[in-house]
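Peer 1: Below is one structure. I have some questions about it.
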Amino acid sequence: MYKILSKRELAQGTVVENVISAPRIAKKAKPGQFVILRVNETGERIPLTMADTDPEKGTITLIYQVVGKTTALMKTLNVGDGYQDIAGPLGKPTHIEKVGTVVCIGGGTGIAVLHPITRALKQAGNKVYGICGARTKDLLIMEDAMAAASTECTLCTDDGSCGYHGFGTDLLKQILDREKVDLVVGIGPVPMMKFVCSVTLPYNVRTLVSLNAIMVDGTGMCGCCRATVGGKTAFACVDGPEFDGHQVDFDELTKRLRGYADMERQSMELFEHKCSCK
Ligand SMILES: Cc1cc2nc3c(=O)[nH]c(=O)nc-3n(C[C@H](O)[C@H](O)[C@H](O)COP(=O)(O)OP(=O)(O)OC[C@H]3O[C@@H](n4cnc5c(N)ncnc54)[C@H](O)[C@@H]3O)c2cc1C
Ligand code: FES
């Protein structure tokens, strides 16, 4: 049992932060890695990135958006409750090195995934521009943490309620127009990552994305998380989750993410109407 030590609701309760006791995972985890957890013994396995870790205290921080049955069930857990099992750290860590100037652009809960990577890139001596975007002010998360993790951080909202009025990709383009950028890391919803890649392609800037493919075992055996990268099949759980965004077939990934939509909807309806269905 992995005990929940703290719980905080962000973004009007649509996003939840949990600090969890997981000493062995906290000791080994590196930026870019994720865990797969089950809420209880009949629960499905879902992947979540570690937004932070504290090896001293033996804790990991997970930030999740409530989108379906499992994340809704997770939101019902409180401090003192625990998760049945958490497997990790999984996936390849982000390759961190000094490359010069980096732009880290995140959207929605992608900002939670981006945070440890941004911090590590700055610690490695890079000049790091952080860009954090959301639809509206109340949905922005981790503004202070991203400000501390970057050299310079700009917020933006689609409706102009906070920071720059418009998409983060507008700000990315402004930076690319005015100075040499050596690396872009873009993490967020699939359409946003696709758009980030189309902006950076003409500038020929290496662009990393983190693929949120549906996962089951996280070991490269079930094939659930397969994606086409550079015309070849890759498994997001063991070959990624980070990939060269200019090589990713985003349209295929979008189709695969929708593959279980009917079952996900039914499961959520059962959960909402018969709360005993856990
Ligand atoms: C490596 C990795 C790291 C992730 N890290 C985070 C994280 O830090 N925070 C976070 O909030 N989410 C993260 N995700 C996405 C998270 O795993 C899904 O949101 C979760 O599995 C949904 O489960 P559910 O039962 O609540 O919803 P479901 O009922 O399974 O799905 C509800 C809706 O969410 C969509 N969805 C389902 N799975 C995914 C997915 N993997 N990615 C995007 N949309 C999905 C479905 O298409 C559907 O529309 C990560 C995914 C991966 C692969
Ligand atoms: S999750 Fe099973 S192969 Fe990646």
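Chain identifiers are assigned as A, B, and so on, following the order in which chains appear in the structure tokens; residues are numbered from 1 within each chain, and ligands are numbered from 1 in order of appearance.
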Taking only C-alpha atoms and all ligand atoms and a cut-off of 7 Å, can you tell me which residues surround ligand 1, written as JSON, numbers by chain?
Peer 2: {"A": [34, 46, 47, 48, 49, 50, 51, 62, 63, 64, 65, 66, 67, 68, 69, 70, 71, 72, 109, 110, 112, 113, 211, 212, 213, 214, 215, 237, 241, 257, 258, 261, 264, 265, 267, 268]}
Peer 1: Within 12 Å of ligand 2 (counting only C-alpha atoms and all ligand atoms), which residues show up? I'd like them as an NGL selection string.
Peer 2: :A and (34-36 or 45-47 or 90-91 or 211-227 or 233-241)
Peer 1: Pick out the closest residue to A:Val181 from this set: A:Leu201, A:Val102, A:Ala149, A:Ala124. Count only C-alpha atoms.
Peer 2: A:Val102
Peer 1: Using only C-alpha atoms, which protein or nucleic acid residues come within 8 Å of A:Gly168? Drop anything in the same chain fewer than 3 positions from it, and give the result as a PyMOL selection string.
Peer 2: chain A and resi 105+131-133+156+171-172
Peer 1: Taking only C-alpha atoms into account, name the residue in A:Gly163, A:Gly125, A:Pro23, A:Pro55 that is nearest to A:Lys137.
Peer 2: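 Of all the options, A:Gly163 lies closest to A:Lys137.
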Peer 1: If you measure from atom CA of A:Val39 to atom CA of A:Val209, what distance in Å do you get, rounded to one decimal?
Peer 2: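 It comes out at 27.5 Å.
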Peer 1: What parts of stretch 87-161 of chain A does DSSP call alpha helix (DSSP H)? I'd like the answer as a list in words.
Peer 2: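 Here are the alpha helix (DSSP H) residues of stretch 87-161 of chain A: Gly110, Ile111, Ala112, Val113, Leu114, His115, Pro116, Ile117, Thr118, Arg119, Ala120, Leu121, Lys122, Gln123, Glu143, Asp144, Ala145, Met146, Ala147, Ala148 and Ala149 of chain A.
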Peer 1: Could you write those residues out with N, CA, C and O atoms, as a PDB file, in the first residue's frame?
Peer 2:
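So out31.pdb came out as:
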ATOM      1  N   GLY A 110       0.301  18.639 -18.921  1.00  0.00           N
ATOM      2  CA  GLY A 110       1.637  18.442 -19.501  1.00  0.00           C
ATOM      3  C   GLY A 110       2.673  19.253 -18.735  1.00  0.00           C
ATOM      4  O   GLY A 110       3.856  18.898 -18.718  1.00  0.00           O
ATOM      5  N   ILE A 111       2.242  20.334 -18.089  1.00  0.00           N
ATOM      6  CA  ILE A 111       3.178  21.173 -17.319  1.00  0.00           C
ATOM      7  C   ILE A 111       3.765  20.362 -16.161  1.00  0.00           C
ATOM      8  O   ILE A 111       4.938  20.517 -15.816  1.00  0.00           O
ATOM      9  N   ALA A 112       2.973  19.478 -15.582  1.00  0.00           N
ATOM     10  CA  ALA A 112       3.466  18.640 -14.473  1.00  0.00           C
ATOM     11  C   ALA A 112       4.584  17.711 -14.966  1.00  0.00           C
ATOM     12  O   ALA A 112       5.566  17.473 -14.262  1.00  0.00           O
ATOM     13  N   VAL A 113       4.423  17.202 -16.176  1.00  0.00           N
ATOM     14  CA  VAL A 113       5.413  16.299 -16.765  1.00  0.00           C
ATOM     15  C   VAL A 113       6.682  17.096 -17.111  1.00  0.00           C
ATOM     16  O   VAL A 113       7.812  16.633 -16.947  1.00  0.00           O
ATOM     17  N   LEU A 114       6.461  18.336 -17.585  1.00  0.00           N
ATOM     18  CA  LEU A 114       7.561  19.192 -18.047  1.00  0.00           C
ATOM     19  C   LEU A 114       8.420  19.720 -16.899  1.00  0.00           C
ATOM     20  O   LEU A 114       9.613  19.966 -17.072  1.00  0.00           O
ATOM     21  N   HIS A 115       7.824  19.879 -15.718  1.00  0.00           N
ATOM     22  CA  HIS A 115       8.501  20.565 -14.612  1.00  0.00           C
ATOM     23  C   HIS A 115       9.871  19.966 -14.227  1.00  0.00           C
ATOM     24  O   HIS A 115      10.881  20.681 -14.226  1.00  0.00           O
ATOM     25  N   PRO A 116       9.971  18.661 -13.928  1.00  0.00           N
ATOM     26  CA  PRO A 116      11.296  18.155 -13.535  1.00  0.00           C
ATOM     27  C   PRO A 116      12.320  18.216 -14.664  1.00  0.00           C
ATOM     28  O   PRO A 116      13.523  18.362 -14.415  1.00  0.00           O
ATOM     29  N   ILE A 117      11.843  18.132 -15.913  1.00  0.00           N
ATOM     30  CA  ILE A 117      12.743  18.198 -17.074  1.00  0.00           C
ATOM     31  C   ILE A 117      13.294  19.623 -17.202  1.00  0.00           C
ATOM     32  O   ILE A 117      14.498  19.834 -17.408  1.00  0.00           O
ATOM     33  N   THR A 118      12.412  20.605 -17.024  1.00  0.00           N
ATOM     34  CA  THR A 118      12.807  22.023 -17.115  1.00  0.00           C
ATOM     35  C   THR A 118      13.869  22.322 -16.052  1.00  0.00           C
ATOM     36  O   THR A 118      14.904  22.929 -16.336  1.00  0.00           O
ATOM     37  N   ARG A 119      13.593  21.876 -14.833  1.00  0.00           N
ATOM     38  CA  ARG A 119      14.511  22.139 -13.718  1.00  0.00           C
ATOM     39  C   ARG A 119      15.881  21.511 -13.990  1.00  0.00           C
ATOM     40  O   ARG A 119      16.922  22.135 -13.791  1.00  0.00           O
ATOM     41  N   ALA A 120      15.870  20.260 -14.464  1.00  0.00           N
ATOM     42  CA  ALA A 120      17.143  19.562 -14.718  1.00  0.00           C
ATOM     43  C   ALA A 120      17.917  20.233 -15.856  1.00  0.00           C
ATOM     44  O   ALA A 120      19.150  20.333 -15.798  1.00  0.00           O
ATOM     45  N   LEU A 121      17.209  20.711 -16.886  1.00  0.00           N
ATOM     46  CA  LEU A 121      17.902  21.372 -18.007  1.00  0.00           C
ATOM     47  C   LEU A 121      18.539  22.679 -17.551  1.00  0.00           C
ATOM     48  O   LEU A 121      19.637  23.032 -17.982  1.00  0.00           O
ATOM     49  N   LYS A 122      17.858  23.387 -16.633  1.00  0.00           N
ATOM     50  CA  LYS A 122      18.446  24.639 -16.107  1.00  0.00           C
ATOM     51  C   LYS A 122      19.653  24.310 -15.221  1.00  0.00           C
ATOM     52  O   LYS A 122      20.702  24.947 -15.321  1.00  0.00           O
ATOM     53  N   GLN A 123      19.488  23.280 -14.381  1.00  0.00           N
ATOM     54  CA  GLN A 123      20.609  22.890 -13.490  1.00  0.00           C
ATOM     55  C   GLN A 123      21.839  22.466 -14.298  1.00  0.00           C
ATOM     56  O   GLN A 123      22.960  22.596 -13.834  1.00  0.00           O
ATOM     57  N   GLU A 143       2.510  27.410 -11.702  1.00  0.00           N
ATOM     58  CA  GLU A 143       3.135  28.648 -12.203  1.00  0.00           C
ATOM     59  C   GLU A 143       4.417  28.954 -11.427  1.00  0.00           C
ATOM     60  O   GLU A 143       5.457  29.263 -12.020  1.00  0.00           O
ATOM     61  N   ASP A 144       4.349  28.853 -10.071  1.00  0.00           N
ATOM     62  CA  ASP A 144       5.514  29.220  -9.258  1.00  0.00           C
ATOM     63  C   ASP A 144       6.651  28.211  -9.446  1.00  0.00           C
ATOM     64  O   ASP A 144       7.818  28.591  -9.560  1.00  0.00           O
ATOM     65  N   ALA A 145       6.296  26.944  -9.483  1.00  0.00           N
ATOM     66  CA  ALA A 145       7.321  25.907  -9.639  1.00  0.00           C
ATOM     67  C   ALA A 145       8.024  26.052 -10.996  1.00  0.00           C
ATOM     68  O   ALA A 145       9.252  25.909 -11.092  1.00  0.00           O
ATOM     69  N   MET A 146       7.255  26.363 -12.035  1.00  0.00           N
ATOM     70  CA  MET A 146       7.868  26.512 -13.359  1.00  0.00           C
ATOM     71  C   MET A 146       8.706  27.790 -13.435  1.00  0.00           C
ATOM     72  O   MET A 146       9.740  27.816 -14.106  1.00  0.00           O
ATOM     73  N   ALA A 147       8.271  28.844 -12.720  1.00  0.00           N
ATOM     74  CA  ALA A 147       9.059  30.089 -12.697  1.00  0.00           C
ATOM     75  C   ALA A 147      10.414  29.808 -12.050  1.00  0.00           C
ATOM     76  O   ALA A 147      11.455  30.272 -12.527  1.00  0.00           O
ATOM     77  N   ALA A 148      10.401  29.012 -10.967  1.00  0.00           N
ATOM     78  CA  ALA A 148      11.657  28.693 -10.271  1.00  0.00           C
ATOM     79  C   ALA A 148      12.527  27.757 -11.111  1.00  0.00           C
ATOM     80  O   ALA A 148      13.758  27.824 -11.054  1.00  0.00           O
ATOM     81  N   ALA A 149      11.881  26.891 -11.896  1.00  0.00           N
ATOM     82  CA  ALA A 149      12.634  25.893 -12.673  1.00  0.00           C
ATOM     83  C   ALA A 149      13.254  26.472 -13.945  1.00  0.00           C
ATOM     84  O   ALA A 149      14.193  25.903 -14.488  1.00  0.00           O
TER      85      ALA A 149
END
Peer 1: Can you work out which one of A:Arg24, A:Arg256, A:His246, A:Lys57 has the shortest atom-to-atom distance to A:Ser198, counting only C-alpha atoms?
Peer 2: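 Smallest distance to A:Ser198 is found for A:His246.
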Peer 1: Taking only C-alpha atoms into account, which of A:Leu73, A:Gln247, A:Thr59, A:Lys127 comes nearest A:Leu5?
Peer 2: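 Once distances to A:Leu5 are computed over only C-alpha atoms, the minimum belongs to A:Thr59.
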Peer 1: Atom CA of A:Gly100 to atom CA of A:Asp177: how many Å, to one decimal?
Peer 2: 16.4 Å
Peer 1: For A:Leu183, please output as a ChimeraX atom specification all residues within 9 Å (counting only C-alpha atoms; exclusion window: fewer than 6 positions along the same chain).
Peer 2: /A:99-104,205-208
Peer 1: May I have the selected residues written with all heavy atoms, as a PDB file, in the first residue's frame?
Peer 2:
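After the write, result_24.pdb holds the following:
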ATOM      1  N   VAL A  99      23.085  22.229 -23.759  1.00  0.00           N
ATOM      2  CA  VAL A  99      23.058  22.417 -25.210  1.00  0.00           C
ATOM      3  C   VAL A  99      23.044  23.895 -25.577  1.00  0.00           C
ATOM      4  O   VAL A  99      23.304  24.252 -26.714  1.00  0.00           O
ATOM      5  CB  VAL A  99      21.839  21.705 -25.856  1.00  0.00           C
ATOM      6  CG1 VAL A  99      21.973  20.199 -25.793  1.00  0.00           C
ATOM      7  CG2 VAL A  99      20.520  22.138 -25.237  1.00  0.00           C
ATOM      8  N   GLY A 100      22.709  24.761 -24.625  1.00  0.00           N
ATOM      9  CA  GLY A 100      22.675  26.205 -24.897  1.00  0.00           C
ATOM     10  C   GLY A 100      21.344  26.801 -24.470  1.00  0.00           C
ATOM     11  O   GLY A 100      21.067  26.930 -23.279  1.00  0.00           O
ATOM     12  N   THR A 101      20.498  27.085 -25.462  1.00  0.00           N
ATOM     13  CA  THR A 101      19.197  27.696 -25.167  1.00  0.00           C
ATOM     14  C   THR A 101      18.081  26.691 -25.436  1.00  0.00           C
ATOM     15  O   THR A 101      18.049  26.060 -26.498  1.00  0.00           O
ATOM     16  CB  THR A 101      18.994  28.960 -26.021  1.00  0.00           C
ATOM     17  OG1 THR A 101      20.043  29.873 -25.709  1.00  0.00           O
ATOM     18  CG2 THR A 101      17.651  29.620 -25.744  1.00  0.00           C
ATOM     19  N   VAL A 102      17.195  26.559 -24.452  1.00  0.00           N
ATOM     20  CA  VAL A 102      16.122  25.561 -24.548  1.00  0.00           C
ATOM     21  C   VAL A 102      14.785  26.254 -24.295  1.00  0.00           C
ATOM     22  O   VAL A 102      14.697  27.142 -23.444  1.00  0.00           O
ATOM     23  CB  VAL A 102      16.319  24.462 -23.475  1.00  0.00           C
ATOM     24  CG1 VAL A 102      15.243  23.393 -23.579  1.00  0.00           C
ATOM     25  CG2 VAL A 102      17.695  23.824 -23.571  1.00  0.00           C
ATOM     26  N   VAL A 103      13.754  25.850 -25.025  1.00  0.00           N
ATOM     27  CA  VAL A 103      12.398  26.315 -24.713  1.00  0.00           C
ATOM     28  C   VAL A 103      11.603  25.101 -24.242  1.00  0.00           C
ATOM     29  O   VAL A 103      11.538  24.075 -24.935  1.00  0.00           O
ATOM     30  CB  VAL A 103      11.694  26.951 -25.936  1.00  0.00           C
ATOM     31  CG1 VAL A 103      10.292  27.425 -25.550  1.00  0.00           C
ATOM     32  CG2 VAL A 103      12.502  28.118 -26.495  1.00  0.00           C
ATOM     33  N   CYS A 104      11.025  25.211 -23.024  1.00  0.00           N
ATOM     34  CA  CYS A 104      10.178  24.141 -22.488  1.00  0.00           C
ATOM     35  C   CYS A 104       8.752  24.655 -22.492  1.00  0.00           C
ATOM     36  O   CYS A 104       8.422  25.581 -21.745  1.00  0.00           O
ATOM     37  CB  CYS A 104      10.608  23.791 -21.061  1.00  0.00           C
ATOM     38  SG  CYS A 104      12.191  22.950 -21.001  1.00  0.00           S
ATOM     39  N   VAL A 205      14.882  22.913 -35.459  1.00  0.00           N
ATOM     40  CA  VAL A 205      15.301  22.805 -34.052  1.00  0.00           C
ATOM     41  C   VAL A 205      14.833  21.462 -33.513  1.00  0.00           C
ATOM     42  O   VAL A 205      13.645  21.100 -33.647  1.00  0.00           O
ATOM     43  CB  VAL A 205      14.676  23.933 -33.187  1.00  0.00           C
ATOM     44  CG1 VAL A 205      15.087  23.774 -31.727  1.00  0.00           C
ATOM     45  CG2 VAL A 205      15.099  25.290 -33.700  1.00  0.00           C
ATOM     46  N   ARG A 206      15.745  20.729 -32.913  1.00  0.00           N
ATOM     47  CA  ARG A 206      15.397  19.434 -32.302  1.00  0.00           C
ATOM     48  C   ARG A 206      14.255  19.637 -31.314  1.00  0.00           C
ATOM     49  O   ARG A 206      14.306  20.531 -30.451  1.00  0.00           O
ATOM     50  CB  ARG A 206      16.639  18.887 -31.598  1.00  0.00           C
ATOM     51  CG  ARG A 206      16.446  17.551 -30.960  1.00  0.00           C
ATOM     52  CD  ARG A 206      17.825  16.953 -30.641  1.00  0.00           C
ATOM     53  NE  ARG A 206      17.734  15.965 -29.586  1.00  0.00           N
ATOM     54  CZ  ARG A 206      17.226  14.746 -29.746  1.00  0.00           C
ATOM     55  NH1 ARG A 206      16.756  14.371 -30.918  1.00  0.00           N
ATOM     56  NH2 ARG A 206      17.181  13.904 -28.742  1.00  0.00           N
ATOM     57  N   THR A 207      13.200  18.805 -31.431  1.00  0.00           N
ATOM     58  CA  THR A 207      12.003  18.997 -30.619  1.00  0.00           C
ATOM     59  C   THR A 207      11.591  17.680 -29.975  1.00  0.00           C
ATOM     60  O   THR A 207      11.292  16.702 -30.675  1.00  0.00           O
ATOM     61  CB  THR A 207      10.852  19.534 -31.510  1.00  0.00           C
ATOM     62  OG1 THR A 207      11.312  20.732 -32.139  1.00  0.00           O
ATOM     63  CG2 THR A 207       9.608  19.837 -30.695  1.00  0.00           C
ATOM     64  N   LEU A 208      11.590  17.661 -28.652  1.00  0.00           N
ATOM     65  CA  LEU A 208      11.197  16.446 -27.938  1.00  0.00           C
ATOM     66  C   LEU A 208       9.756  16.556 -27.472  1.00  0.00           C
ATOM     67  O   LEU A 208       9.318  17.619 -27.016  1.00  0.00           O
ATOM     68  CB  LEU A 208      12.094  16.241 -26.711  1.00  0.00           C
ATOM     69  CG  LEU A 208      13.555  15.925 -26.967  1.00  0.00           C
ATOM     70  CD1 LEU A 208      14.304  15.842 -25.642  1.00  0.00           C
ATOM     71  CD2 LEU A 208      13.694  14.609 -27.728  1.00  0.00           C
TER      72      LEU A 208
END
Peer 1: Residues near A:Lys3, anyone? I mean within 10 Å using only C-alpha atoms, not counting same-chain ones fewer than 3 positions away, as a PyMOL selection string.
Peer 2: chain A and resi 6+18-22+59+78-84
Peer 1: Print the selection's residues with all heavy atoms to a file, as a tab-separated table (two decimals), in the first residue's frame.
Peer 2:
chain	number	residue	atom	x	y	z
A	6	SER	N	-0.25	13.82	1.17
A	6	SER	CA	-0.94	15.10	1.03
A	6	SER	C	-1.76	15.10	-0.24
A	6	SER	O	-1.46	14.37	-1.20
A	6	SER	CB	0.05	16.27	1.07
A	6	SER	OG	0.59	16.49	-0.20
A	18	ASN	N	-1.05	14.70	-5.53
A	18	ASN	CA	-0.85	13.79	-4.40
A	18	ASN	C	0.64	13.64	-4.13
A	18	ASN	O	1.41	13.38	-5.06
A	18	ASN	CB	-1.35	12.38	-4.73
A	18	ASN	CG	-2.83	12.15	-4.48
A	18	ASN	OD1	-3.37	11.14	-4.91
A	18	ASN	ND2	-3.50	13.06	-3.80
A	19	VAL	N	1.02	13.79	-2.85
A	19	VAL	CA	2.38	13.40	-2.47
A	19	VAL	C	2.23	12.04	-1.81
A	19	VAL	O	1.39	11.85	-0.92
A	19	VAL	CB	3.02	14.42	-1.50
A	19	VAL	CG1	4.39	13.93	-1.05
A	19	VAL	CG2	3.14	15.78	-2.18
A	20	ILE	N	3.02	11.07	-2.28
A	20	ILE	CA	2.83	9.67	-1.89
A	20	ILE	C	4.14	9.11	-1.35
A	20	ILE	O	5.22	9.39	-1.89
A	20	ILE	CB	2.39	8.84	-3.12
A	20	ILE	CG1	1.06	9.40	-3.66
A	20	ILE	CG2	2.25	7.36	-2.81
A	20	ILE	CD1	0.79	9.04	-5.08
A	21	SER	N	4.03	8.30	-0.31
A	21	SER	CA	5.22	7.65	0.22
A	21	SER	C	5.61	6.47	-0.68
A	21	SER	O	4.84	5.51	-0.83
A	21	SER	CB	4.91	7.14	1.64
A	21	SER	OG	5.98	6.37	2.08
A	22	ALA	N	6.76	6.58	-1.31
A	22	ALA	CA	7.25	5.51	-2.21
A	22	ALA	C	8.78	5.60	-2.22
A	22	ALA	O	9.39	6.01	-3.22
A	22	ALA	CB	6.67	5.69	-3.61
A	59	THR	N	9.46	10.44	-1.04
A	59	THR	CA	8.13	10.72	-1.61
A	59	THR	C	8.21	10.99	-3.11
A	59	THR	O	9.23	11.44	-3.63
A	59	THR	CB	7.49	11.95	-0.93
A	59	THR	OG1	8.34	13.08	-1.14
A	59	THR	CG2	7.28	11.73	0.55
A	78	ASN	N	-8.24	10.15	0.07
A	78	ASN	CA	-7.79	11.26	0.90
A	78	ASN	C	-6.48	10.93	1.60
A	78	ASN	O	-6.01	9.78	1.53
A	78	ASN	CB	-8.88	11.61	1.93
A	78	ASN	CG	-10.07	12.22	1.23
A	78	ASN	OD1	-9.94	13.15	0.45
A	78	ASN	ND2	-11.25	11.66	1.48
A	79	VAL	N	-5.92	11.92	2.29
A	79	VAL	CA	-4.70	11.72	3.06
A	79	VAL	C	-4.91	10.55	4.02
A	79	VAL	O	-5.95	10.47	4.69
A	79	VAL	CB	-4.33	13.00	3.84
A	79	VAL	CG1	-3.16	12.75	4.79
A	79	VAL	CG2	-4.00	14.13	2.87
A	80	GLY	N	-3.94	9.62	4.06
A	80	GLY	CA	-4.07	8.44	4.92
A	80	GLY	C	-4.52	7.23	4.14
A	80	GLY	O	-4.21	6.09	4.51
A	81	ASP	N	-5.25	7.45	3.03
A	81	ASP	CA	-5.60	6.32	2.15
A	81	ASP	C	-4.35	5.95	1.35
A	81	ASP	O	-3.34	6.67	1.38
A	81	ASP	CB	-6.71	6.71	1.15
A	81	ASP	CG	-8.02	7.01	1.85
A	81	ASP	OD1	-8.23	6.50	2.97
A	81	ASP	OD2	-8.84	7.77	1.29
A	82	GLY	N	-4.45	4.87	0.58
A	82	GLY	CA	-3.27	4.48	-0.19
A	82	GLY	C	-3.64	3.87	-1.53
A	82	GLY	O	-4.79	3.49	-1.77
A	83	TYR	N	-2.63	3.81	-2.42
A	83	TYR	CA	-2.81	3.11	-3.68
A	83	TYR	C	-2.36	1.66	-3.51
A	83	TYR	O	-1.39	1.39	-2.80
A	83	TYR	CB	-1.99	3.79	-4.78
A	83	TYR	CG	-2.53	5.16	-5.13
A	83	TYR	CD1	-1.89	6.32	-4.72
A	83	TYR	CD2	-3.71	5.28	-5.86
A	83	TYR	CE1	-2.41	7.58	-5.03
A	83	TYR	CE2	-4.24	6.52	-6.16
A	83	TYR	CZ	-3.58	7.66	-5.74
A	83	TYR	OH	-4.11	8.90	-6.04
A	84	GLN	N	-3.06	0.76	-4.18
A	84	GLN	CA	-2.77	-0.68	-4.06
A	84	GLN	C	-1.33	-1.00	-4.46
A	84	GLN	O	-0.59	-1.64	-3.75
A	84	GLN	CB	-3.74	-1.45	-4.97
A	84	GLN	CG	-3.49	-2.93	-5.09
A	84	GLN	CD	-3.96	-3.68	-3.86
A	84	GLN	OE1	-4.83	-3.21	-3.14
A	84	GLN	NE2	-3.38	-4.83	-3.62
Peer 1: Taking 5 positions as the minimum chain separation for residues in the same chain, which residues sit within 12 Å of A:His165 when counting only C-alpha atoms? Answer as number ranges by chain.
Peer 2: A: 133-137, 154-160, 170-171
Peer 1: Can those selected residues be exported to a file as a CSV table (one decimal), in the first residue's frame so that it contains all heavy atoms?
Peer 2:
chain,number,residue,atom,x,y,z
A,133,GLY,N,0.9,27.1,-20.7
A,133,GLY,CA,-0.4,27.6,-21.3
A,133,GLY,C,-1.5,26.8,-20.8
A,133,GLY,O,-1.4,25.6,-20.4
A,134,ALA,N,-2.7,27.4,-20.8
A,134,ALA,CA,-4.0,26.8,-20.5
A,134,ALA,C,-5.1,27.5,-21.1
A,134,ALA,O,-4.9,28.7,-21.6
A,134,ALA,CB,-4.2,26.8,-18.9
A,135,ARG,N,-6.3,26.9,-21.1
A,135,ARG,CA,-7.4,27.6,-21.8
A,135,ARG,C,-7.7,28.9,-21.1
A,135,ARG,O,-8.0,29.9,-21.7
A,135,ARG,CB,-8.6,26.7,-21.8
A,135,ARG,CG,-8.7,25.9,-23.1
A,135,ARG,CD,-10.0,25.1,-23.1
A,135,ARG,NE,-9.9,23.9,-22.2
A,135,ARG,CZ,-10.7,23.7,-21.2
A,135,ARG,NH1,-11.8,24.4,-21.0
A,135,ARG,NH2,-10.5,22.6,-20.4
A,136,THR,N,-7.7,28.8,-19.7
A,136,THR,CA,-8.1,30.0,-18.9
A,136,THR,C,-7.3,30.0,-17.6
A,136,THR,O,-6.7,29.0,-17.2
A,136,THR,CB,-9.6,30.0,-18.7
A,136,THR,OG1,-10.0,31.2,-18.0
A,136,THR,CG2,-10.1,28.9,-17.8
A,137,LYS,N,-7.2,31.2,-16.9
A,137,LYS,CA,-6.4,31.3,-15.7
A,137,LYS,C,-6.6,30.2,-14.7
A,137,LYS,O,-5.6,29.7,-14.1
A,137,LYS,CB,-6.8,32.7,-15.1
A,137,LYS,CG,-6.1,33.1,-13.9
A,137,LYS,CD,-6.6,34.5,-13.5
A,137,LYS,CE,-5.8,35.2,-12.4
A,137,LYS,NZ,-6.2,34.8,-11.1
A,154,THR,N,7.0,32.4,-19.0
A,154,THR,CA,5.9,33.2,-19.4
A,154,THR,C,4.6,32.4,-19.4
A,154,THR,O,4.6,31.2,-19.8
A,154,THR,CB,6.1,33.7,-20.9
A,154,THR,OG1,7.4,34.2,-21.0
A,154,THR,CG2,5.1,34.8,-21.2
A,155,LEU,N,3.6,33.0,-18.9
A,155,LEU,CA,2.3,32.3,-18.8
A,155,LEU,C,1.4,32.8,-20.0
A,155,LEU,O,1.6,33.9,-20.4
A,155,LEU,CB,1.5,32.6,-17.5
A,155,LEU,CG,2.3,32.4,-16.2
A,155,LEU,CD1,1.5,32.8,-15.0
A,155,LEU,CD2,2.7,30.9,-16.1
A,156,CYS,N,0.6,31.9,-20.5
A,156,CYS,CA,-0.4,32.3,-21.5
A,156,CYS,C,-1.7,31.6,-21.4
A,156,CYS,O,-1.7,30.5,-20.9
A,156,CYS,CB,0.2,32.1,-22.9
A,156,CYS,SG,0.8,30.5,-23.2
A,157,THR,N,-2.7,32.3,-21.8
A,157,THR,CA,-4.1,31.7,-21.8
A,157,THR,C,-4.8,32.0,-23.1
A,157,THR,O,-4.6,33.0,-23.7
A,157,THR,CB,-4.9,32.2,-20.6
A,157,THR,OG1,-4.8,33.7,-20.6
A,157,THR,CG2,-4.5,31.7,-19.2
A,158,ASP,N,-5.6,31.0,-23.5
A,158,ASP,CA,-6.3,31.2,-24.8
A,158,ASP,C,-7.3,32.4,-24.7
A,158,ASP,O,-7.5,33.0,-25.7
A,158,ASP,CB,-7.2,29.9,-25.1
A,158,ASP,CG,-6.3,28.6,-25.2
A,158,ASP,OD1,-5.1,28.7,-25.1
A,158,ASP,OD2,-6.9,27.6,-25.5
A,159,ASP,N,-7.9,32.6,-23.5
A,159,ASP,CA,-8.9,33.7,-23.4
A,159,ASP,C,-8.3,35.0,-22.8
A,159,ASP,O,-9.0,36.0,-22.6
A,159,ASP,CB,-10.0,33.2,-22.5
A,159,ASP,CG,-9.6,33.0,-21.0
A,159,ASP,OD1,-8.4,33.2,-20.7
A,159,ASP,OD2,-10.5,32.7,-20.2
A,160,GLY,N,-7.0,35.0,-22.6
A,160,GLY,CA,-6.3,36.3,-22.1
A,160,GLY,C,-6.5,36.6,-20.6
A,160,GLY,O,-6.2,37.7,-20.2
A,170,ASP,N,2.6,30.8,-30.2
A,170,ASP,CA,2.9,32.1,-30.7
A,170,ASP,C,4.2,32.6,-30.0
A,170,ASP,O,5.1,33.2,-30.6
A,170,ASP,CB,1.8,33.2,-30.3
A,170,ASP,CG,0.4,32.8,-30.8
A,170,ASP,OD1,0.4,31.9,-31.7
A,170,ASP,OD2,-0.6,33.3,-30.3
A,171,LEU,N,4.3,32.4,-28.7
A,171,LEU,CA,5.5,32.9,-27.9
A,171,LEU,C,6.7,32.1,-28.3
A,171,LEU,O,7.8,32.6,-28.5
A,171,LEU,CB,5.3,32.6,-26.4
A,171,LEU,CG,4.1,33.5,-25.8
A,171,LEU,CD1,3.8,33.0,-24.4
A,171,LEU,CD2,4.5,34.9,-25.8
Peer 1: Please give the complete set of residues from stretch 14-249 of chain A that DSSP, run on the backbone, assigns to strand (DSSP E), formatted as a ChimeraX atom specification.
Peer 2: /A:15-21,34-38,46-54,59-65,82-83,85-90,101-107,127-134,152-157,164-165,183-187,207-210,226-229,232-235,242-244
Peer 1: Can you tell me which residues surround A:Lys75 at a distance of at most 9 Å, considering only C-alpha atoms, apart from same-chain residues fewer than 6 positions away, and format the answer as an MDAnalysis selection string?
Peer 2: chainID A and resid 9 15:16 66
Peer 1: So what do you get for atom CA of A:Met142 versus atom CA of A:Leu10, distance-wise?
Peer 2: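 Distance between the two atoms: 8.9 Å.
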Peer 1: Could you check which of A:Val248, A:Cys153, A:Gly106, A:Thr53 is closest to A:Gly188, using only C-alpha atoms?
Peer 2: A:Gly106
